[in-house]
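Trainee: Here you go, this is data-v8.txt (compact mmCIF, C-alpha atoms).
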```
# COMPACT_ATOMS: atom_id res chain seq x y z
CA MET A 1144 -66.93 -20.11 -15.98
CA ALA A 1145 -70.20 -20.88 -17.73
CA CYS A 1146 -70.68 -17.18 -18.32
CA GLY A 1147 -67.16 -16.79 -19.73
CA LEU A 1148 -67.70 -19.62 -22.20
CA ALA A 1149 -71.11 -18.32 -23.14
CA LEU A 1150 -69.44 -15.11 -24.27
CA CYS A 1151 -67.38 -17.12 -26.73
CA GLY A 1152 -70.57 -18.67 -28.05
CA PHE A 1153 -71.67 -15.35 -29.50
CA ALA A 1154 -69.04 -15.86 -32.21
CA ALA A 1155 -71.11 -18.74 -33.58
CA SER A 1156 -73.71 -16.28 -34.80
CA ALA A 1157 -71.15 -13.97 -36.44
CA SER A 1158 -72.46 -14.80 -39.90
CA ALA A 1159 -75.77 -13.19 -39.00
CA ALA A 1160 -74.12 -9.93 -37.89
CA PRO A 1161 -74.02 -6.89 -40.19
CA GLN A 1162 -71.11 -6.93 -42.62
CA PRO A 1163 -68.37 -4.34 -41.97
CA ARG A 1164 -67.64 -1.45 -44.29
CA ILE A 1165 -64.45 -1.21 -46.31
CA LYS A 1166 -63.36 1.85 -44.29
CA ASP A 1167 -63.49 -0.26 -41.11
CA ILE A 1168 -61.24 -3.08 -42.32
CA VAL A 1169 -58.54 -1.21 -44.27
CA ASP A 1170 -56.01 1.55 -43.77
CA VAL A 1171 -55.47 4.00 -46.63
CA GLU A 1172 -51.91 4.48 -47.83
CA ASN A 1173 -50.17 7.45 -46.16
CA VAL A 1174 -53.34 8.38 -44.26
CA ARG A 1175 -51.92 7.82 -40.80
CA PRO A 1176 -51.17 9.70 -37.58
CA ASN A 1177 -47.69 10.83 -36.54
CA GLN A 1178 -46.19 10.54 -33.05
CA LEU A 1179 -44.79 13.68 -31.43
CA VAL A 1180 -42.67 13.96 -28.28
CA GLY A 1181 -41.23 16.81 -26.25
CA TYR A 1182 -39.71 17.76 -22.91
CA GLY A 1183 -40.94 20.45 -20.55
CA LEU A 1184 -41.65 21.68 -17.04
CA VAL A 1185 -44.85 21.62 -15.03
CA VAL A 1186 -44.98 24.45 -12.47
CA GLY A 1187 -47.39 25.47 -9.73
CA LEU A 1188 -47.38 22.17 -7.83
CA GLN A 1189 -48.14 22.16 -4.10
CA GLY A 1190 -44.89 20.66 -2.87
CA THR A 1191 -45.33 17.49 -4.95
CA GLY A 1192 -42.74 18.28 -7.61
CA ASP A 1193 -39.18 17.03 -8.11
CA ARG A 1194 -36.56 17.46 -5.40
CA VAL A 1195 -34.22 19.54 -7.54
CA ARG A 1196 -31.16 18.44 -5.57
CA ASN A 1197 -32.00 14.80 -6.37
CA VAL A 1198 -33.04 15.37 -10.00
CA PRO A 1199 -30.26 17.37 -11.70
CA PHE A 1200 -31.96 17.68 -15.08
CA THR A 1201 -34.93 19.46 -13.46
CA GLU A 1202 -32.58 21.98 -11.86
CA GLU A 1203 -30.66 22.55 -15.11
CA THR A 1204 -33.86 22.99 -17.12
CA LEU A 1205 -35.26 25.45 -14.57
CA GLN A 1206 -32.03 27.46 -14.58
CA ALA A 1207 -31.95 27.58 -18.40
CA MET A 1208 -35.60 28.71 -18.56
CA LEU A 1209 -35.06 31.48 -16.01
CA GLU A 1210 -31.90 32.67 -17.80
CA ARG A 1211 -33.86 33.03 -21.04
CA MET A 1212 -36.20 35.30 -19.09
CA GLY A 1213 -33.32 37.41 -17.77
CA VAL A 1214 -33.03 35.83 -14.31
CA ASN A 1215 -29.54 34.58 -13.41
CA ILE A 1216 -29.49 32.04 -10.58
CA ARG A 1217 -26.31 30.18 -11.46
CA GLY A 1218 -24.46 29.18 -8.29
CA ASP A 1219 -27.54 29.48 -6.08
CA GLN A 1220 -29.12 26.48 -4.42
CA MET A 1221 -32.75 25.94 -5.32
CA ARG A 1222 -34.97 24.09 -2.88
CA THR A 1223 -38.32 24.40 -4.60
CA GLN A 1224 -40.58 21.36 -4.92
CA ASN A 1225 -43.21 23.10 -7.03
CA VAL A 1226 -41.62 22.14 -10.38
CA ALA A 1227 -41.52 18.78 -12.17
CA ALA A 1228 -39.72 17.71 -15.35
CA VAL A 1229 -42.09 15.91 -17.72
CA MET A 1230 -42.23 14.21 -21.09
CA VAL A 1231 -44.96 15.52 -23.36
CA THR A 1232 -46.41 13.20 -26.01
CA ALA A 1233 -49.12 13.68 -28.62
CA THR A 1234 -50.54 12.04 -31.72
CA MET A 1235 -50.86 14.30 -34.76
CA PRO A 1236 -53.80 13.11 -36.90
CA PRO A 1237 -53.49 12.84 -40.67
CA PHE A 1238 -54.05 16.05 -42.64
CA ALA A 1239 -53.83 18.19 -39.48
CA ARG A 1240 -53.62 21.85 -40.52
CA ARG A 1241 -51.59 24.67 -39.03
CA GLY A 1242 -53.47 26.32 -36.18
CA SER A 1243 -55.59 23.30 -35.21
CA THR A 1244 -55.26 21.83 -31.72
CA ILE A 1245 -54.56 18.30 -30.46
CA ASP A 1246 -54.58 16.64 -27.03
CA VAL A 1247 -51.33 15.95 -25.21
CA GLN A 1248 -50.23 13.53 -22.49
CA VAL A 1249 -47.86 14.66 -19.74
CA SER A 1250 -45.77 12.16 -17.72
CA ALA A 1251 -43.39 12.88 -14.85
CA LEU A 1252 -39.69 12.10 -15.32
CA GLY A 1253 -38.24 12.69 -11.87
CA ASP A 1254 -39.38 11.91 -8.34
CA SER A 1255 -42.51 14.05 -8.43
CA THR A 1256 -45.40 12.47 -6.51
CA SER A 1257 -48.26 14.31 -8.21
CA LEU A 1258 -48.89 16.67 -11.12
CA GLN A 1259 -52.28 17.80 -9.82
CA GLY A 1260 -52.85 21.54 -10.10
CA GLY A 1261 -49.80 22.12 -12.29
CA ILE A 1262 -49.39 24.11 -15.51
CA LEU A 1263 -47.22 22.96 -18.39
CA ILE A 1264 -44.85 25.66 -19.61
CA VAL A 1265 -44.64 26.04 -23.40
CA SER A 1266 -42.91 22.95 -24.84
CA SER A 1267 -42.05 22.08 -28.41
CA LEU A 1268 -43.15 18.72 -29.82
CA ARG A 1269 -40.95 17.05 -32.42
CA ALA A 1270 -41.32 14.10 -34.77
CA LEU A 1271 -38.61 11.57 -35.63
CA ASP A 1272 -37.23 13.89 -38.31
CA GLY A 1273 -36.29 16.39 -35.59
CA GLU A 1274 -38.64 19.11 -36.83
CA ILE A 1275 -41.04 20.95 -34.50
CA TYR A 1276 -44.65 20.21 -35.50
CA ALA A 1277 -46.57 21.49 -32.46
CA VAL A 1278 -46.23 23.59 -29.32
CA ALA A 1279 -47.95 22.60 -26.06
CA GLN A 1280 -48.91 24.59 -22.99
CA GLY A 1281 -51.71 24.74 -20.45
CA PRO A 1282 -53.12 23.43 -17.15
CA VAL A 1283 -52.85 19.67 -16.72
CA ALA A 1284 -55.78 17.45 -15.70
CA VAL A 1285 -54.99 14.45 -13.48
CA SER A 1286 -57.53 11.62 -13.48
CA GLY A 1287 -56.46 10.11 -10.14
CA PHE A 1288 -56.62 11.41 -6.60
CA GLU A 1289 -54.95 10.79 -3.27
CA ALA A 1290 -55.93 11.48 0.34
CA ARG A 1291 -53.80 10.60 3.35
CA GLY A 1292 -53.71 10.94 7.09
CA ALA A 1293 -51.30 10.02 9.84
CA ALA A 1294 -51.79 6.26 9.49
CA ALA A 1295 -53.74 5.67 6.30
CA ARG A 1296 -53.75 6.65 2.65
CA VAL A 1297 -56.33 6.28 -0.11
CA SER A 1298 -55.38 6.70 -3.77
CA ARG A 1299 -56.95 5.98 -7.13
CA GLY A 1300 -55.40 6.21 -10.57
CA VAL A 1301 -51.92 7.54 -11.36
CA MET A 1302 -51.06 11.00 -10.10
CA THR A 1303 -47.86 11.36 -12.14
CA THR A 1304 -49.55 11.34 -15.56
CA ALA A 1305 -51.94 13.96 -16.84
CA ARG A 1306 -53.71 15.16 -19.96
CA ILE A 1307 -54.30 18.54 -21.57
CA ALA A 1308 -57.34 18.61 -23.87
CA GLY A 1309 -56.48 20.68 -26.94
CA GLY A 1310 -53.21 21.59 -25.27
CA ALA A 1311 -51.00 21.69 -28.38
CA ILE A 1312 -51.24 23.91 -31.45
CA ILE A 1313 -50.06 22.56 -34.82
CA GLU A 1314 -47.25 24.72 -36.22
CA ARG A 1315 -46.13 22.59 -39.18
CA GLU A 1316 -48.11 20.38 -41.57
CA VAL A 1317 -47.14 17.02 -43.01
CA PRO A 1318 -47.25 17.50 -46.80
CA TYR A 1319 -49.17 14.91 -48.80
CA ALA A 1320 -51.02 15.64 -52.05
CA LEU A 1321 -53.75 13.01 -51.96
CA ALA A 1322 -55.90 14.65 -54.65
CA SER A 1323 -53.13 14.46 -57.27
CA ALA A 1324 -52.29 10.77 -56.66
CA SER A 1325 -52.79 8.50 -59.69
CA SER A 1326 -53.42 5.39 -57.57
CA LEU A 1327 -53.79 4.41 -53.95
CA LYS A 1328 -53.23 1.28 -51.87
CA LEU A 1329 -55.62 -0.05 -49.25
CA ALA A 1330 -53.94 -2.10 -46.50
CA LEU A 1331 -56.08 -4.73 -44.80
CA LYS A 1332 -55.87 -4.58 -41.01
CA ASN A 1333 -56.16 -8.40 -40.91
CA PRO A 1334 -54.49 -9.74 -44.07
CA ASP A 1335 -56.38 -12.57 -45.74
CA PHE A 1336 -56.45 -13.88 -49.34
CA THR A 1337 -60.22 -14.31 -49.45
CA THR A 1338 -61.01 -10.95 -47.88
CA ALA A 1339 -58.62 -9.11 -50.23
CA GLN A 1340 -60.32 -10.66 -53.28
CA ARG A 1341 -63.77 -9.81 -51.91
CA VAL A 1342 -62.77 -6.20 -51.33
CA ALA A 1343 -61.48 -5.92 -54.92
CA ARG A 1344 -64.64 -7.52 -56.37
CA THR A 1345 -66.88 -5.24 -54.29
CA ILE A 1346 -65.04 -2.14 -55.50
CA ASN A 1347 -65.15 -3.30 -59.12
CA ARG A 1348 -68.91 -3.78 -58.92
CA GLU A 1349 -69.18 -0.12 -57.94
CA VAL A 1350 -66.46 1.17 -60.32
CA SER A 1351 -65.53 -1.31 -63.04
CA GLY A 1352 -61.82 -2.16 -63.21
CA ALA A 1353 -60.84 0.22 -60.42
CA ALA A 1354 -59.33 -2.32 -57.99
CA ILE A 1355 -56.90 -5.22 -58.01
CA ALA A 1356 -55.73 -7.38 -55.10
CA LEU A 1357 -51.92 -7.28 -55.05
CA ASP A 1358 -51.45 -9.61 -52.07
CA PRO A 1359 -53.39 -10.75 -48.97
CA ALA A 1360 -52.77 -7.38 -47.31
CA THR A 1361 -53.00 -4.90 -50.19
CA VAL A 1362 -55.67 -3.79 -52.66
CA GLU A 1363 -54.67 -1.13 -55.19
CA ILE A 1364 -57.31 1.25 -56.53
CA THR A 1365 -57.01 3.44 -59.63
CA PRO A 1366 -59.60 6.14 -60.41
CA ARG A 1367 -61.51 5.83 -63.70
CA GLY A 1368 -62.38 9.30 -64.92
CA SER A 1369 -62.40 10.75 -61.39
CA SER A 1370 -60.02 11.72 -58.61
CA VAL A 1371 -58.73 9.45 -55.89
CA MET A 1372 -60.70 11.47 -53.32
CA GLU A 1373 -63.96 10.87 -55.17
CA LEU A 1374 -63.23 7.16 -55.63
CA VAL A 1375 -62.43 6.63 -51.95
CA SER A 1376 -65.61 8.43 -50.90
CA ARG A 1377 -67.65 6.15 -53.20
CA ILE A 1378 -66.19 2.85 -51.99
CA GLU A 1379 -65.43 3.37 -48.29
CA ASN A 1380 -69.02 2.70 -47.19
CA LEU A 1381 -69.44 -0.48 -49.26
CA THR A 1382 -69.90 -3.59 -47.11
CA VAL A 1383 -67.74 -6.70 -47.44
CA GLU A 1384 -68.06 -10.16 -45.93
CA VAL A 1385 -64.82 -10.65 -43.99
CA ASP A 1386 -63.26 -14.11 -43.86
CA GLN A 1387 -61.15 -15.12 -40.90
CA PRO A 1388 -59.03 -18.16 -40.02
CA ALA A 1389 -60.01 -20.56 -37.27
CA ARG A 1390 -58.03 -19.12 -34.39
CA ILE A 1391 -57.98 -19.33 -30.60
CA VAL A 1392 -56.28 -16.56 -28.64
CA ILE A 1393 -55.14 -17.42 -25.11
CA ASN A 1394 -53.90 -14.93 -22.54
CA GLU A 1395 -52.44 -17.11 -19.83
CA ALA A 1396 -51.68 -14.24 -17.47
CA ALA A 1397 -55.31 -13.05 -17.39
CA GLY A 1398 -56.88 -16.47 -17.97
CA THR A 1399 -58.79 -15.20 -21.03
CA VAL A 1400 -59.74 -17.38 -24.01
CA VAL A 1401 -61.29 -16.08 -27.24
CA MET A 1402 -62.37 -18.58 -29.92
CA GLY A 1403 -63.36 -17.79 -33.50
CA ALA A 1404 -66.60 -19.00 -35.05
CA ASP A 1405 -64.88 -21.47 -37.45
CA VAL A 1406 -63.14 -23.52 -34.75
CA THR A 1407 -64.02 -27.22 -35.10
CA VAL A 1408 -63.04 -30.38 -33.22
CA SER A 1409 -62.54 -33.95 -34.45
CA PRO A 1410 -63.99 -36.91 -32.47
CA VAL A 1411 -62.38 -36.80 -29.04
CA ALA A 1412 -63.18 -37.60 -25.40
CA ILE A 1413 -62.27 -35.10 -22.68
CA ALA A 1414 -61.93 -35.82 -18.97
CA GLN A 1415 -61.40 -32.95 -16.57
CA GLY A 1416 -60.31 -33.23 -12.97
CA GLY A 1417 -57.54 -32.22 -10.68
CA LEU A 1418 -56.03 -32.33 -7.22
CA THR A 1419 -56.82 -29.44 -4.88
CA ILE A 1420 -54.97 -29.08 -1.57
CA SER A 1421 -56.17 -26.57 1.03
CA VAL A 1422 -53.95 -25.64 3.99
CA THR A 1423 -55.52 -23.57 6.82
CA GLU A 1424 -53.53 -22.12 9.72
CA SER A 1425 -55.39 -21.51 13.04
CA PRO A 1426 -52.77 -20.75 15.73
CA VAL A 1427 -53.87 -21.05 19.39
CA VAL A 1428 -52.51 -19.06 22.34
CA SER A 1429 -51.54 -21.30 25.29
CA GLN A 1430 -51.68 -19.61 28.71
CA PRO A 1431 -49.68 -21.05 31.68
CA GLY A 1432 -51.38 -21.93 34.97
CA PRO A 1433 -51.34 -19.53 37.94
CA LEU A 1434 -48.01 -19.40 39.84
CA SER A 1435 -46.51 -21.94 37.43
CA ASN A 1436 -43.68 -19.67 36.28
CA GLY A 1437 -44.63 -20.62 32.72
CA THR A 1438 -44.74 -18.36 29.66
CA THR A 1439 -47.43 -17.66 27.14
CA GLN A 1440 -46.86 -19.58 23.91
CA VAL A 1441 -48.47 -19.57 20.47
CA VAL A 1442 -49.21 -23.15 19.47
CA PRO A 1443 -49.63 -23.77 15.70
CA ARG A 1444 -52.75 -25.56 14.46
CA THR A 1445 -52.73 -26.64 10.82
CA ARG A 1446 -55.62 -28.19 8.88
CA VAL A 1447 -54.93 -29.85 5.52
CA GLU A 1448 -57.72 -30.91 3.14
CA ALA A 1449 -57.28 -32.64 -0.24
CA ASP A 1450 -59.71 -33.09 -3.12
CA ASP A 1451 -58.56 -35.62 -5.73
CA GLY A 1452 -61.23 -34.66 -8.26
CA SER A 1453 -63.10 -37.92 -7.90
CA GLY A 1454 -66.19 -36.22 -9.33
CA ALA A 1455 -64.51 -35.60 -12.69
CA SER A 1456 -66.60 -36.47 -15.73
CA LEU A 1457 -65.97 -37.49 -19.34
CA ALA A 1458 -67.38 -35.61 -22.33
CA LEU A 1459 -67.49 -36.92 -25.91
CA LEU A 1460 -67.25 -34.53 -28.86
CA THR A 1461 -68.25 -35.93 -32.26
CA GLN A 1462 -66.92 -35.31 -35.78
CA GLY A 1463 -67.05 -31.69 -36.95
CA THR A 1464 -68.13 -30.33 -33.60
CA SER A 1465 -68.97 -26.64 -33.93
CA LEU A 1466 -67.94 -23.89 -31.57
CA GLN A 1467 -71.37 -23.86 -29.94
CA THR A 1468 -71.20 -27.59 -29.22
CA LEU A 1469 -67.66 -27.25 -27.90
CA VAL A 1470 -68.74 -24.46 -25.54
CA THR A 1471 -71.72 -26.51 -24.34
CA GLY A 1472 -69.55 -29.56 -23.67
CA LEU A 1473 -66.92 -27.60 -21.76
CA ASN A 1474 -69.63 -25.88 -19.72
CA ALA A 1475 -71.00 -29.33 -18.82
CA LEU A 1476 -67.58 -30.25 -17.43
CA GLY A 1477 -67.55 -27.09 -15.32
CA VAL A 1478 -63.99 -26.24 -16.30
CA SER A 1479 -62.20 -23.21 -14.92
CA PRO A 1480 -60.38 -20.75 -17.21
CA ARG A 1481 -57.01 -22.38 -16.39
CA ASP A 1482 -58.39 -25.84 -17.11
CA LEU A 1483 -59.89 -24.58 -20.37
CA ILE A 1484 -56.48 -23.35 -21.53
CA THR A 1485 -54.93 -26.72 -20.70
CA ILE A 1486 -57.72 -28.62 -22.50
CA LEU A 1487 -57.43 -26.53 -25.67
CA GLN A 1488 -53.64 -26.96 -25.79
CA ALA A 1489 -54.04 -30.72 -25.24
CA LEU A 1490 -56.62 -30.91 -28.06
CA ARG A 1491 -54.20 -29.10 -30.38
CA THR A 1492 -51.38 -31.49 -29.45
CA ALA A 1493 -53.67 -34.49 -30.07
CA GLY A 1494 -54.50 -33.14 -33.54
CA ALA A 1495 -58.22 -32.94 -32.69
CA LEU A 1496 -58.48 -29.14 -32.80
CA GLN A 1497 -58.68 -27.60 -36.29
CA ALA A 1498 -57.58 -24.11 -35.32
CA GLU A 1499 -54.52 -22.00 -34.79
CA ILE A 1500 -53.67 -21.25 -31.16
CA THR A 1501 -52.03 -17.92 -30.31
CA VAL A 1502 -50.68 -17.55 -26.78
CA GLN A 1503 -50.14 -14.01 -25.57
```
Can the structure in the file be given as structure tokens, please?

Mentor:
Amino acid sequence: MACGLALCGFAASASAAPQPRIKDIVDVENVRPNQLVGYGLVVGLQGTGDRVRNVPFTEETLQAMLERMGVNIRGDQMRTQNVAAVMVTATMPPFARRGSTIDVQVSALGDSTSLQGGILIVSSLRALDGEIYAVAQGPVAVSGFEARGAAARVSRGVMTTARIAGGAIIEREVPYALASASSLKLALKNPDFTTAQRVARTINREVSGAAIALDPATVEITPRGSSVMELVSRIENLTVEVDQPARIVINEAAGTVVMGADVTVSPVAIAQGGLTISVTESPVVSQPGPLSNGTTQVVPRTRVEADDGSGASLALLTQGTSLQTLVTGLNALGVSPRDLITILQALRTAGALQAEITVQ
């Protein structure tokens, strides 16, 4: 646990780290990706596809595709397991132009066990407006693998999801005239009053009167004798000192704790200890004596050990204790991740922890 807490201690030296650029802490208005989704078939599988009699939509899709190619199989029973119905998803980057390619993800819908070696048949990708923005096709690449024998199986990764690098071609563009915009809004990824004002002041030092902070999350910029494109290119690499609230993020499921550099503690004493009970089963086989007409029995043997935490210690934290001192004190107690979460929540309840706690 000492190593885990030491990682948190790096936050104490955050002020000495290089300041981030404006482009790294804001999102530009309307400069965003768009999610695309489609439905298709992966063919060429080695018996690992959908059982078409169990997955009716795979059978119907295969029949419809073959009919469009002039093959009528209505009324016939298909028994192929070389085809799998899949969902195809992709992220269309901002300002993507017609003819450019994007990566796609392919995920099985039915009872297919593996997509390895398959080829995605041409599938249209649509946005939420229902329009087709891209068309995907190509051989799928599965990151996992599986090997099995009569009594054992080894697998790694997920065999029912795959990726096609550059597998979709953009057919429709998202219109947005950035060059003709008279103003533009910058959205802070982590809204903060102080950071928004610092961003505006930094921009105004570069271009006088070009920026104003509208709220903790938004800074509006207006070009002065230039275009919005030119203004953004001038300011995006400017560095800004980012302010952040004192916050502790706790993930109870994973036992992870992340503490910000501005976390402080009022005078408080902390004692850490607990009760640990260990139960060990060591069954013994009892054999009957010769000619005794007895039977072999398994006799249970249970060993129970208890540790009441009698070695627990007490740590004293003084007024205005910094994060580094807090980490050092908790390391001295030898607390586990679970105990650390309990201690931090108890400090917050006692009013001794000047920080916001977020539990995930």

Trainee: Could you name the residues that touch A:Thr1382 at 7 Å or less, counting only C-alpha atoms, but leaving out those on the same chain fewer than 5 positions away, as a list in words?

Mentor: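 Answer for this query is Gln1162, Pro1163, Arg1164 and Ile1165 of chain A.
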
Trainee: Calculate how many Å separate atom CA of A:Arg1390 from atom CA of A:Thr1337, rounding to one decimal.

Mentor: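 These atoms are spaced 16.0 Å apart.
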
Trainee: Using all atoms listed in the file, can you list as a PyMOL selection string the residues within 9 Å of (-51.4, -17.0, -25.3)?

Mentor: chain A and resi 1391-1396+1399-1400+1484+1500-1503

Trainee: Once you count all atoms listed in the file, which residues end up no further than 8 Å from (-52.0, 4.1, -5.3) in the file's frame, shown as an NGL selection string?

Mentor: :A and (1289 or 1297-1301)

Trainee: Considering all atoms listed in the file, state which residue in the set A:Gln1488, A:Ser1425, A:Gln1497, A:Thr1345 is at the smallest distance from A:Ser1409.

Mentor: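 Smallest separation from A:Ser1409 among the options: A:Gln1497.
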
Trainee: Please put the answer as JSON: centre and edge lengths, in Å with one decimal, of a box along x, y and z that encloses all listed atoms of stretch 1199-1216 of chain A plus 5 Å on each side.

Mentor:
```
{"center_x": -32.8, "center_y": 27.4, "center_z": -15.8, "size_x": 16.7, "size_y": 30.0, "size_z": 20.5}
```

Trainee: List as a list in words the protein and nucleic acid residues near stretch 1174-1176 of chain A, meaning an atom at most 7 Å away when all atoms listed in the file are counted, but skip any in the same chain fewer than 4 places from it.

Mentor: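 With the cut-off at 7 Å, the set is Thr1234, Met1235, Pro1236 and Pro1237 of chain A.
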
Trainee: Ranking A:Ala1498, A:Val1249, A:Val1362, A:Ile1378 by minimum distance to A:Val1180 and counting only C-alpha atoms, which one comes first?

Mentor: A:Val1249

Trainee: State, in Å with one decimal place, the distance from atom CA of A:Ala1389 to atom CA of A:Val1406.

Mentor: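 These two atoms are separated by 5.0 Å.
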
Trainee: Calculate how many Å separate atom CA of A:Ser1323 from atom CA of A:Gly1352, rounding to one decimal.

Mentor: 19.7 Å

Trainee: Here is a test: counting all atoms listed in the file, which residue of A:Gly1253, A:Gly1261, A:Gly1310, A:Gly1213 is nearest to A:Leu1188?

Mentor: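 Under the stated criterion, the closest residue is A:Gly1261.
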
Trainee: Ranking A:Ala1343, A:Val1185, A:Ala1404, A:Ala1308 by minimum distance to A:Ala1228 and counting only C-alpha atoms, which one comes first?

Mentor: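 Between A:Ala1343, A:Val1185, A:Ala1404, A:Ala1308, the residue approaching A:Ala1228 most closely is A:Val1185.
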
Trainee: So, with all atoms listed in the file as the atoms that count, which of A:Gly1181, A:Ile1355, A:Gly1260, A:Leu1374 lies closest to A:Val1278?

Mentor: A:Gly1181

Trainee: Just checking: using only C-alpha atoms, which residue out of A:Val1441, A:Ala1284, A:Val1383, A:Leu1179 ends up closest to A:Thr1303?

Mentor: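 Ranking A:Val1441, A:Ala1284, A:Val1383, A:Leu1179 by distance to A:Thr1303, first place goes to A:Ala1284.
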